[in-house]
Each structure stands twice: as structure tokens, then as C-alpha cells.
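Next comes upload_30.pdb, a file with PDB, C-alpha atoms.
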```pdb
ATOM      1  CA  PHE A   1      55.719  87.876  34.624
ATOM      2  CA  GLN A   2      53.100  86.793  32.083
ATOM      3  CA  ASN A   3      55.354  87.702  29.156
ATOM      4  CA  MET A   4      58.328  85.704  30.464
ATOM      5  CA  SER A   5      56.911  82.422  29.165
ATOM      6  CA  PRO A   6      55.018  81.615  25.965
ATOM      7  CA  ALA A   7      51.251  81.365  26.163
ATOM      8  CA  ILE A   8      49.717  77.915  26.460
ATOM      9  CA  ASN A   9      46.966  76.883  24.064
ATOM     10  CA  VAL A  10      44.786  74.606  26.181
ATOM     11  CA  ALA A  11      43.123  73.116  23.109
ATOM     12  CA  SER A  12      46.362  71.911  21.498
ATOM     13  CA  VAL A  13      48.842  71.493  24.348
ATOM     14  CA  LYS A  14      50.221  68.009  25.005
ATOM     15  CA  LEU A  15      49.574  66.934  28.562
ATOM     16  CA  ALA A  16      52.933  65.148  28.761
ATOM     17  CA  ASP A  17      54.695  68.484  28.173
ATOM     18  CA  CYS A  18      53.207  69.996  31.357
ATOM     19  CA  ARG A  19      55.825  68.855  33.842
ATOM     20  CA  ARG A  20      56.497  71.823  36.122
ATOM     21  CA  VAL A  21      54.751  74.814  37.699
ATOM     22  CA  VAL A  22      56.156  78.201  38.713
ATOM     23  CA  LEU A  23      54.119  80.289  41.149
ATOM     24  CA  PHE A  24      54.573  84.020  41.747
ATOM     25  CA  HIS A  25      53.073  85.787  44.763
ATOM     26  CA  LEU A  26      53.047  89.590  45.029
ATOM     27  CA  ILE A  27      53.294  90.943  48.586
ATOM     28  CA  ASN A  28      52.688  94.607  49.422
ATOM     29  CA  ASN A  29      54.451  95.719  52.619
ATOM     30  CA  THR A  30      54.358  99.104  54.323
ATOM     31  CA  THR A  31      57.352 100.075  56.423
ATOM     32  CA  THR A  32      57.945 103.193  58.510
ATOM     33  CA  THR A  33      61.319 104.937  58.319
ATOM     34  CA  THR A  34      62.765 108.183  59.657
ATOM     35  CA  ASP A  35      64.108 110.833  57.302
ATOM     36  CA  GLU A  36      66.957 113.290  57.904
ATOM     37  CA  ASP A  37      64.641 115.723  59.723
ATOM     38  CA  GLY A  38      63.459 113.040  62.117
ATOM     39  CA  ASN A  39      60.024 112.707  60.568
ATOM     40  CA  GLU A  40      58.446 109.315  60.136
ATOM     41  CA  VAL A  41      57.831 108.381  56.558
ATOM     42  CA  GLU A  42      55.818 105.396  55.396
ATOM     43  CA  LYS A  43      57.363 103.481  52.569
ATOM     44  CA  GLU A  44      55.635 100.862  50.478
ATOM     45  CA  GLU A  45      57.627  97.987  49.083
ATOM     46  CA  GLN A  46      56.600  95.133  46.855
ATOM     47  CA  LEU A  47      58.084  91.671  47.161
ATOM     48  CA  VAL A  48      57.606  88.790  44.777
ATOM     49  CA  GLU A  49      57.902  85.252  46.097
ATOM     50  CA  MET A  50      58.695  82.512  43.598
ATOM     51  CA  ARG A  51      58.171  78.800  44.074
ATOM     52  CA  HIS A  52      59.072  76.016  41.648
ATOM     53  CA  TYR A  53      57.209  72.682  41.680
ATOM     54  CA  ALA A  54      57.201  69.446  39.743
ATOM     55  CA  ILE A  55      53.854  67.882  38.829
ATOM     56  CA  LYS A  56      53.411  64.295  39.962
ATOM     57  CA  ALA A  57      50.428  62.117  39.093
ATOM     58  CA  ALA A  58      49.411  58.837  40.717
ATOM     59  CA  PRO A  59      46.455  56.624  39.774
ATOM     60  CA  VAL A  60      43.610  56.588  42.310
ATOM     61  CA  GLY A  61      41.094  53.882  43.078
ATOM     62  CA  VAL A  62      43.935  51.360  43.352
ATOM     63  CA  ASP A  63      45.296  49.834  46.511
ATOM     64  CA  LYS A  64      48.545  51.486  47.509
ATOM     65  CA  LYS A  65      50.394  48.190  47.386
ATOM     66  CA  VAL A  66      49.186  47.478  43.888
ATOM     67  CA  ARG A  67      50.037  51.036  42.924
ATOM     68  CA  ARG A  68      53.526  50.534  44.291
ATOM     69  CA  LEU A  69      53.934  47.480  42.088
ATOM     70  CA  ILE A  70      52.622  49.419  39.071
ATOM     71  CA  GLN A  71      55.099  52.217  39.699
ATOM     72  CA  THR A  72      57.989  49.698  39.886
ATOM     73  CA  LYS A  73      58.568  50.227  43.593
ATOM     74  CA  ILE A  74      59.142  46.548  44.291
ATOM     75  CA  PRO A  75      58.943  45.848  48.038
ATOM     76  CA  ASN A  76      61.009  43.311  49.937
ATOM     77  CA  LEU A  77      59.036  40.037  49.816
ATOM     78  CA  ASN A  78      61.630  37.685  51.299
ATOM     79  CA  ARG A  79      59.568  37.172  54.479
ATOM     80  CA  LEU A  80      56.381  36.272  52.612
ATOM     81  CA  ASN A  81      55.292  32.991  51.093
ATOM     82  CA  ASP A  82      53.098  34.479  48.358
ATOM     83  CA  ILE A  83      52.497  37.886  46.813
ATOM     84  CA  ALA A  84      48.870  37.559  47.908
ATOM     85  CA  ASP A  85      50.143  37.874  51.496
ATOM     86  CA  TYR A  86      51.583  41.263  50.580
ATOM     87  CA  ILE A  87      48.408  42.455  48.813
ATOM     88  CA  THR A  88      45.944  41.317  51.509
ATOM     89  CA  GLY A  89      48.210  41.959  54.456
ATOM     90  CA  THR A  90      47.448  38.537  55.922
ATOM     91  CA  THR A  91      48.835  35.084  55.473
ATOM     92  CA  ALA A  92      46.916  31.965  54.456
ATOM     93  CA  THR A  93      46.340  31.181  58.171
ATOM     94  CA  GLY A  94      44.820  34.609  58.803
ATOM     95  CA  ASP A  95      47.813  36.044  60.637
ATOM     96  CA  VAL A  96      49.174  39.497  59.859
ATOM     97  CA  ALA A  97      51.807  39.355  57.166
ATOM     98  CA  PRO A  98      55.277  40.345  58.413
ATOM     99  CA  SER A  99      55.787  43.081  55.831
ATOM    100  CA  ALA A 100      52.288  44.564  56.209
ATOM    101  CA  ALA A 101      53.068  46.044  59.606
ATOM    102  CA  THR A 102      56.224  47.731  58.338
ATOM    103  CA  THR A 103      54.631  49.359  55.275
ATOM    104  CA  SER A 104      51.170  50.232  56.574
ATOM    105  CA  GLY A 105      52.409  53.461  58.121
ATOM    106  CA  ASN A 106      54.131  54.690  54.983
ATOM    107  CA  ALA A 107      52.362  57.974  54.321
ATOM    108  CA  SER A 108      54.306  58.741  51.152
ATOM    109  CA  ASP A 109      52.428  56.037  49.242
ATOM    110  CA  SER A 110      49.020  56.855  50.678
ATOM    111  CA  GLU A 111      46.331  58.064  48.345
ATOM    112  CA  PRO A 112      45.550  61.786  48.678
ATOM    113  CA  GLU A 113      42.389  62.337  50.673
ATOM    114  CA  ASP A 114      41.569  65.649  48.975
ATOM    115  CA  GLU A 115      39.251  64.699  46.137
ATOM    116  CA  THR A 116      39.755  68.099  44.499
ATOM    117  CA  SER A 117      43.156  66.816  43.359
ATOM    118  CA  HIS A 118      41.543  63.893  41.533
ATOM    119  CA  VAL A 119      41.214  64.465  37.804
ATOM    120  CA  VAL A 120      40.343  62.384  34.781
ATOM    121  CA  LEU A 121      43.282  62.520  32.412
ATOM    122  CA  PRO A 122      42.282  63.562  28.872
ATOM    123  CA  GLN A 123      45.633  62.220  27.624
ATOM    124  CA  THR A 124      48.232  59.752  28.786
ATOM    125  CA  TYR A 125      50.539  61.399  31.315
ATOM    126  CA  THR A 126      54.055  60.568  32.457
ATOM    127  CA  GLY A 127      54.331  57.821  35.029
ATOM    128  CA  ARG A 128      52.985  54.284  35.027
ATOM    129  CA  GLY A 129      49.288  53.871  35.468
ATOM    130  CA  ASN A 130      48.428  57.391  34.241
ATOM    131  CA  LYS A 131      46.508  56.337  31.168
ATOM    132  CA  LYS A 132      43.998  58.253  29.120
ATOM    133  CA  ASN A 133      40.506  58.547  30.661
ATOM    134  CA  GLN A 134      41.836  57.184  33.966
ATOM    135  CA  LYS A 135      41.470  59.036  37.261
ATOM    136  CA  SER A 136      44.716  60.217  38.852
ATOM    137  CA  ALA A 137      45.638  62.381  41.805
ATOM    138  CA  LEU A 138      47.899  65.347  41.139
ATOM    139  CA  LYS A 139      50.542  66.417  43.624
ATOM    140  CA  LEU A 140      53.110  69.213  43.557
ATOM    141  CA  VAL A 141      56.636  68.442  44.706
ATOM    142  CA  GLU A 142      58.785  71.481  45.392
ATOM    143  CA  LEU A 143      62.017  71.612  43.428
ATOM    144  CA  GLY A 144      63.395  75.005  44.361
ATOM    145  CA  PRO A 145      64.953  77.410  44.473
ATOM    146  CA  ARG A 146      62.867  79.600  46.761
ATOM    147  CA  LEU A 147      63.296  83.223  45.789
ATOM    148  CA  CYS A 148      62.039  86.434  47.347
ATOM    149  CA  LEU A 149      62.518  89.284  44.889
ATOM    150  CA  GLU A 150      61.989  93.002  45.304
ATOM    151  CA  LEU A 151      60.620  94.872  42.325
ATOM    152  CA  ILE A 152      63.019  97.781  41.754
ATOM    153  CA  LYS A 153      62.584  98.887  38.169
ATOM    154  CA  VAL A 154      60.255  98.191  35.263
ATOM    155  CA  GLU A 155      61.487  99.294  31.850
ATOM    156  CA  ARG A 156      59.753  99.205  28.510
ATOM    157  CA  GLY A 157      61.589  97.063  25.980
ATOM    158  CA  LEU A 158      65.046  95.663  26.672
ATOM    159  CA  GLY A 159      67.783  97.919  27.994
ATOM    160  CA  GLY A 160      66.676 101.164  26.363
ATOM    161  CA  GLY A 161      62.977 101.859  26.849
ATOM    162  CA  ASP A 162      60.999 104.193  29.057
ATOM    163  CA  VAL A 163      61.123 103.595  32.789
ATOM    164  CA  MET A 164      57.565 102.638  33.709
ATOM    165  CA  TYR A 165      58.220 102.097  37.417
ATOM    166  CA  HIS A 166      61.077 102.727  39.843
ATOM    167  CA  ALA A 167      60.926 101.910  43.533
ATOM    168  CA  HIS A 168      63.562 104.422  44.679
ATOM    169  CA  VAL A 169      63.428 107.238  42.113
ATOM    170  CA  SER A 170      60.395 109.419  41.422
ATOM    171  CA  LYS A 171      60.258 112.125  38.759
ATOM    172  CA  SER A 172      57.781 114.857  37.925
ATOM    173  CA  ALA A 173      55.879 115.062  34.668
ATOM    174  CA  GLU A 174      58.247 117.766  33.379
ATOM    175  CA  GLU A 175      61.310 115.657  34.137
ATOM    176  CA  VAL A 176      59.758 112.669  32.423
ATOM    177  CA  LYS A 177      59.020 114.823  29.384
ATOM    178  CA  GLU A 178      62.595 116.128  29.272
ATOM    179  CA  LEU A 179      64.029 112.622  29.546
ATOM    180  CA  LYS A 180      61.758 111.405  26.763
ATOM    181  CA  ALA A 181      62.817 114.285  24.501
ATOM    182  CA  LYS A 182      66.468 113.567  25.294
ATOM    183  CA  ARG A 183      66.091 109.887  24.428
ATOM    184  CA  GLU A 184      64.316 110.749  21.182
ATOM    185  CA  LYS A 185      67.118 113.158  20.269
ATOM    186  CA  GLU A 186      69.765 110.509  21.034
ATOM    187  CA  ALA A 187      67.839 107.941  19.002
ATOM    188  CA  ALA A 188      67.604 110.356  16.045
ATOM    189  CA  LEU A 189      71.336 111.114  16.268
ATOM    190  CA  LYS A 190      72.124 107.407  16.422
ATOM    191  CA  THR A 191      69.974 106.786  13.358
ATOM    192  CA  GLN A 192      71.687 109.644  11.512
ATOM    193  CA  ARG A 193      75.134 108.267  12.340
ATOM    194  CA  ARG A 194      74.111 104.803  11.226
ATOM    195  CA  GLU A 195      72.823 106.139   7.904
ATOM    196  CA  GLN A 196      76.034 108.142   7.390
ATOM    197  CA  GLN A 197      78.087 105.054   8.144
ATOM    198  CA  GLU A 198      76.057 103.024   5.658
ATOM    199  CA  ARG A 199      76.604 105.709   2.996
ATOM    200  CA  ASN A 200      80.352 105.688   3.666
ATOM    201  CA  VAL A 201      80.476 101.919   3.391
ATOM    202  CA  GLU A 202      78.545 102.035   0.121
ATOM    203  CA  ARG A 203      80.831 104.773  -1.251
ATOM    204  CA  LYS A 204      83.948 102.750  -0.389
ATOM    205  CA  ARG A 205      82.424  99.664  -1.950
ATOM    206  CA  ARG A 206      81.699 101.488  -5.206
ATOM    207  CA  ALA A 207      85.215 102.996  -5.264
ATOM    208  CA  LYS A 208      86.712  99.549  -4.787
ATOM    209  CA  GLU A 209      84.588  98.106  -7.578
ATOM    210  CA  GLU A 210      85.552 100.964  -9.926
ATOM    211  CA  LYS A 211      89.236 100.432  -9.121
ATOM    212  CA  LEU A 212      88.949  96.728  -9.879
ATOM    213  CA  GLU A 213      87.121  97.514 -13.122
ATOM    214  CA  ARG A 214      89.912  99.887 -14.212
ATOM    215  CA  LYS A 215      92.467  97.186 -13.462
ATOM    216  CA  ARG A 216      90.512  94.687 -15.544
ATOM    217  CA  GLN A 217      90.313  97.143 -18.430
ATOM    218  CA  ARG A 218      94.071  97.854 -18.332
ATOM    219  CA  ARG A 219      94.799  94.125 -18.206
ATOM    220  CA  ALA A 220      92.492  93.528 -21.163
ATOM    221  CA  GLU A 221      94.178  96.354 -23.114
ATOM    222  CA  ARG A 222      97.649  94.920 -22.431
ATOM    223  CA  GLU A 223      96.492  91.467 -23.501
ATOM    224  CA  GLN A 224      95.005  92.933 -26.691
ATOM    225  CA  ILE A 225      98.236  94.774 -27.465
ATOM    226  CA  ASN A 226     100.248  91.622 -26.920
ATOM    227  CA  MET A 227      97.922  89.638 -29.172
ATOM    228  CA  ASP A 228      98.206  92.305 -31.910
ATOM    229  CA  GLU A 229     102.003  92.211 -31.699
ATOM    230  CA  LEU A 230     101.967  88.427 -31.935
ATOM    231  CA  ARG A 231      99.715  88.572 -35.006
ATOM    232  CA  ARG A 232     101.945  91.146 -36.723
ATOM    233  CA  GLY A 233     105.000  89.063 -35.900
ATOM    234  CA  ALA A 234     103.358  85.996 -37.393
ATOM    235  CA  GLU A 235     102.434  87.908 -40.581
ATOM    236  CA  ASP A 236     105.950  89.332 -40.942
ATOM    237  CA  GLY A 237     107.410  85.851 -40.574
ATOM    238  CA  GLY A 238     105.183  84.561 -43.399
ATOM    239  CA  ASP A 239     106.308  87.316 -45.794
ATOM    240  CA  THR A 240     109.963  86.548 -45.080
ATOM    241  CA  ASP A 241     109.477  82.897 -46.024
ATOM    242  CA  ASP A 242     108.005  83.870 -49.437
ATOM    243  CA  ASP A 243     111.112  85.958 -50.337
ATOM    244  CA  GLY A 244     113.595  83.111 -49.712
ATOM    245  CA  PRO A 245     116.266  81.883 -52.233
ATOM    246  CA  LEU A 246     115.185  80.605 -55.701
ATOM    247  CA  SER A 247     115.561  77.023 -56.831
ATOM    248  CA  ASP A 248     117.900  75.949 -59.706
ATOM    249  CA  ASP A 249     115.050  75.716 -62.222
ATOM    250  CA  GLU A 250     113.916  79.199 -61.372
ATOM    251  CA  GLU A 251     117.446  80.557 -61.793
ATOM    252  CA  ASP A 252     117.780  78.885 -65.239
ATOM    253  CA  SER A 253     114.479  80.251 -66.459
ATOM    254  CA  GLY A 254     115.492  83.646 -65.297
ATOM    255  CA  ASP A 255     118.739  83.558 -67.219
ATOM    256  CA  GLU A 256     116.929  82.654 -70.405
TER     257      GLU A 256
END
```
Written form, C-alpha cells:
Amino acid sequence: FQNMSPAINVASVKLADCRRVVLFHLINNTTTTTDEDGNEVEKEEQLVEMRHYAIKAAPVGVDKKVRRLIQTKIPNLNRLNDIADYITGTTATGDVAPSAATTSGNASDSEPEDETSHVVLPQTYTGRGNKKNQKSALKLVELGPRLCLELIKVERGLGGGDVMYHAHVSKSAEEVKELKAKREKEAALKTQRREQQERNVERKRRAKEEKLERKRQRRAEREQINMDELRRGAEDGGDTDDDGPLSDDEEDSGDE
């Protein structure tokens, strides 16, 4: 499972990006079954349990009531005369504040007693009060889903590699060798077919380009022929104009 997620560089990771945790637990179980001959056979199976948690941080060293105010969990203060009654739990006369008795047993806002969960934040973390260089208590809140997976098959690569592990199928060294040779032969044949296909595509492309080039040449030849005919027609028209009828002066000079 280590290759399912990108590696984390502790020196450059942003603390605010660390929001969730996934835990994997490998369990090895041995079960006894009976085969067709009635003999007992021990079978080992491996199960993987997966749990998904969200990381929560709360500032420590702060009264839980103050922390509740910091985290925008505004309590109901309609029965109190002053916010100091809520913070101290007593009124100005020394009596117990009405709301103190109702919130004192709230375990969800209590500060974790395990000091191993207290850390000094190197960076500002999500949540109010979790500032840089401040001490906060970390807590994992399960999100789900809870999965119990059985490892059946491990394959090298994606969808076409060697089978590295199989829970229900076991093969000898000779069979593994034969399968490997078969896969190599199929891979070589696939490569050969791909190369042949690429050659065919290239041959068709060249034939198409040659056909288009021949068409362009024939079109250019026809255009050249048409231009030559137009030029000859223009020249013939000019000669005809020079041989037109003579003027009266020219006729008189010719008679003389």
C-alpha cells in the first residue's frame, strides 16, 4: 500500500495539507479445513483492515469554556448576567452559575489527558487557536468507511505483469517459467503486429501524398496549357488588327 499514495517530504510539506489519515493493519489468520479425502488442511489467509480518520487539533492550556468561545461554539448565555459568570462558573454573589452545571459534564470539549497527543505546531494549522509555535492536542475522528479486505492477488504492473502472489493458485517453478515464456512470446507478437500496422499506415500515407502530388501536377499542366492558348489567342488577335482595311490616303498613295 505504500505505492498507492505519493511520498511525503517532511521538510517541505505544508502542515495545513495534512488533514486525514488512513491506517492499514495486516492480520494473518490460520484456518483448518477438510479436503475431499477427509484430511484436515491448514490454510493461511491474510486480511487487511482499513480505517479512515480526520485529524482534529485543539489548543491546550486554555480553559475549555474559553476554547469553546475561540472555536466559535457560542453557548447559551441568556440565564447569565455577565460573561464572567460563564468563565468562572460562579455569579458575583458566589453562587454556582446556572449554565455551569449543564456544561461541566460535557466530555466532548474536555482537554485530552494524554500528554503524548500534545504537540507544538511548527506551522499554523486549520482551526481557530492553532497558531504557529502554540501547543495543541491532536485527535483522530473516524470518518469511515471501515473495510476488511482479503489479499487475493498481487500482480506486477497494471493488468499485464507477472503474478507475484496468489492466495488460491500455486504453480511450480516450471509452470511459472512456461507462463513467462508465453507472455514474452505474446508481447513480441504484439510488438511485431504494431510495427507492421505502423508500416502499413506509413505506406498508405505516402501513397495518398503521391496521389495528391500527381493531381497537383496535372492541374498545373492544364493551367499552363490554358495560359499558353490564351497567349496565342491574344497574339493572333493583334496580328489581325494590323491587317485591317487601309485609309483613303493610303489608297491614293497606292494608286499613284
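Within the 8 Å cut-off around Asn29 of chain A, using all atoms listed in the file and omitting residues fewer than 4 positions from it on the same chain, the listed residues are Glu44, Glu45, Gln46 and Leu47 of chain A.
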Task: Interatomic distance, atom CA of Val41 of chain A to atom CA of His166 of chain A (Å, one decimal) - done: 17.9 Å
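When the distance limit is 10 Å and only C-alpha atoms are what count, the residues near Cys18 of chain A, minus those fewer than 3 positions from it on the same chain, are Ile8, Val13, Lys14, Leu15, Val21, Ala54, Ile55, Tyr125 and Thr126 of chain A.
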Could those selected residues go to a file with C-alpha atoms, as a PDB file, in the frame of the given file?
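Written output follows (again26.pdb):
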```
ATOM      1  CA  ILE A   8      49.717  77.915  26.460  1.00  0.00           C
ATOM      2  CA  VAL A  13      48.842  71.493  24.348  1.00  0.00           C
ATOM      3  CA  LYS A  14      50.221  68.009  25.005  1.00  0.00           C
ATOM      4  CA  LEU A  15      49.574  66.934  28.562  1.00  0.00           C
ATOM      5  CA  VAL A  21      54.751  74.814  37.699  1.00  0.00           C
ATOM      6  CA  ALA A  54      57.201  69.446  39.743  1.00  0.00           C
ATOM      7  CA  ILE A  55      53.854  67.882  38.829  1.00  0.00           C
ATOM      8  CA  TYR A 125      50.539  61.399  31.315  1.00  0.00           C
ATOM      9  CA  THR A 126      54.055  60.568  32.457  1.00  0.00           C
TER      10      THR A 126
END
```
- [ ] Rounded to one decimal place, report the atom CA of Asn78 of chain A-atom CA of Arg128 of chain A distance in Å.
- [x] 24.8 Å
Task: Polymer residues at most 9 Å from segment 172-184 of chain A, all atoms listed in the file, same-chain spacing of 2 or more positions, as a ChimeraX atom specification - done: /A:160-162,170,186-189
TODO: Would you kindly identify which residues have an atom no farther than 12 Å from (41.0, 60.1, 32.4), using all atoms listed in the file and the file's own coordinates, and write them out as a count of residues only?
DONE: 22
Task: Spatial neighbours of Cys148 of chain A, 8 Å, all atoms listed in the file, chain gap at least 3 places, as a PyMOL selection string - done: chain A and resi 47-50
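The space between atom CA of Ser117 of chain A and atom CA of Lys56 of chain A spans 11.1 Å.
Distance annotation: of A:Thr34, A:Ala234, A:Met227, A:Tyr53, the residue with the minimal separation from Leu140 of chain A is A:Tyr53; atom set is all atoms listed in the file.
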Draw an axis-aligned box tight on the listed atoms of segment 44-51 of chain A, then pad every side by 8 Å and write out centre and edge lengths in Å to one decimal as JSON.
```
{"center_x": 57.2, "center_y": 89.8, "center_z": 47.0, "size_x": 19.1, "size_y": 38.1, "size_z": 22.9}
```
Which residues would end up in the selection if the PyMOL selection byres ((chain A and resi 143) around 7) were applied here, given that I need the answer as a PDB file with C-alpha atoms, in the coordinates of the input?
```
ATOM      1  CA  HIS A  52      59.072  76.016  41.648  1.00  0.00           C
ATOM      2  CA  TYR A  53      57.209  72.682  41.680  1.00  0.00           C
ATOM      3  CA  ALA A  54      57.201  69.446  39.743  1.00  0.00           C
ATOM      4  CA  VAL A 141      56.636  68.442  44.706  1.00  0.00           C
ATOM      5  CA  GLU A 142      58.785  71.481  45.392  1.00  0.00           C
ATOM      6  CA  GLY A 144      63.395  75.005  44.361  1.00  0.00           C
ATOM      7  CA  PRO A 145      64.953  77.410  44.473  1.00  0.00           C
TER       8      PRO A 145
END
```
Open item on the list: I need the residue nearest Asn28 of chain A from this list: A:Glu198, A:Glu213, A:Glu150, A:Glu40. Use only C-alpha atoms for the distance.
Closed with: A:Glu150
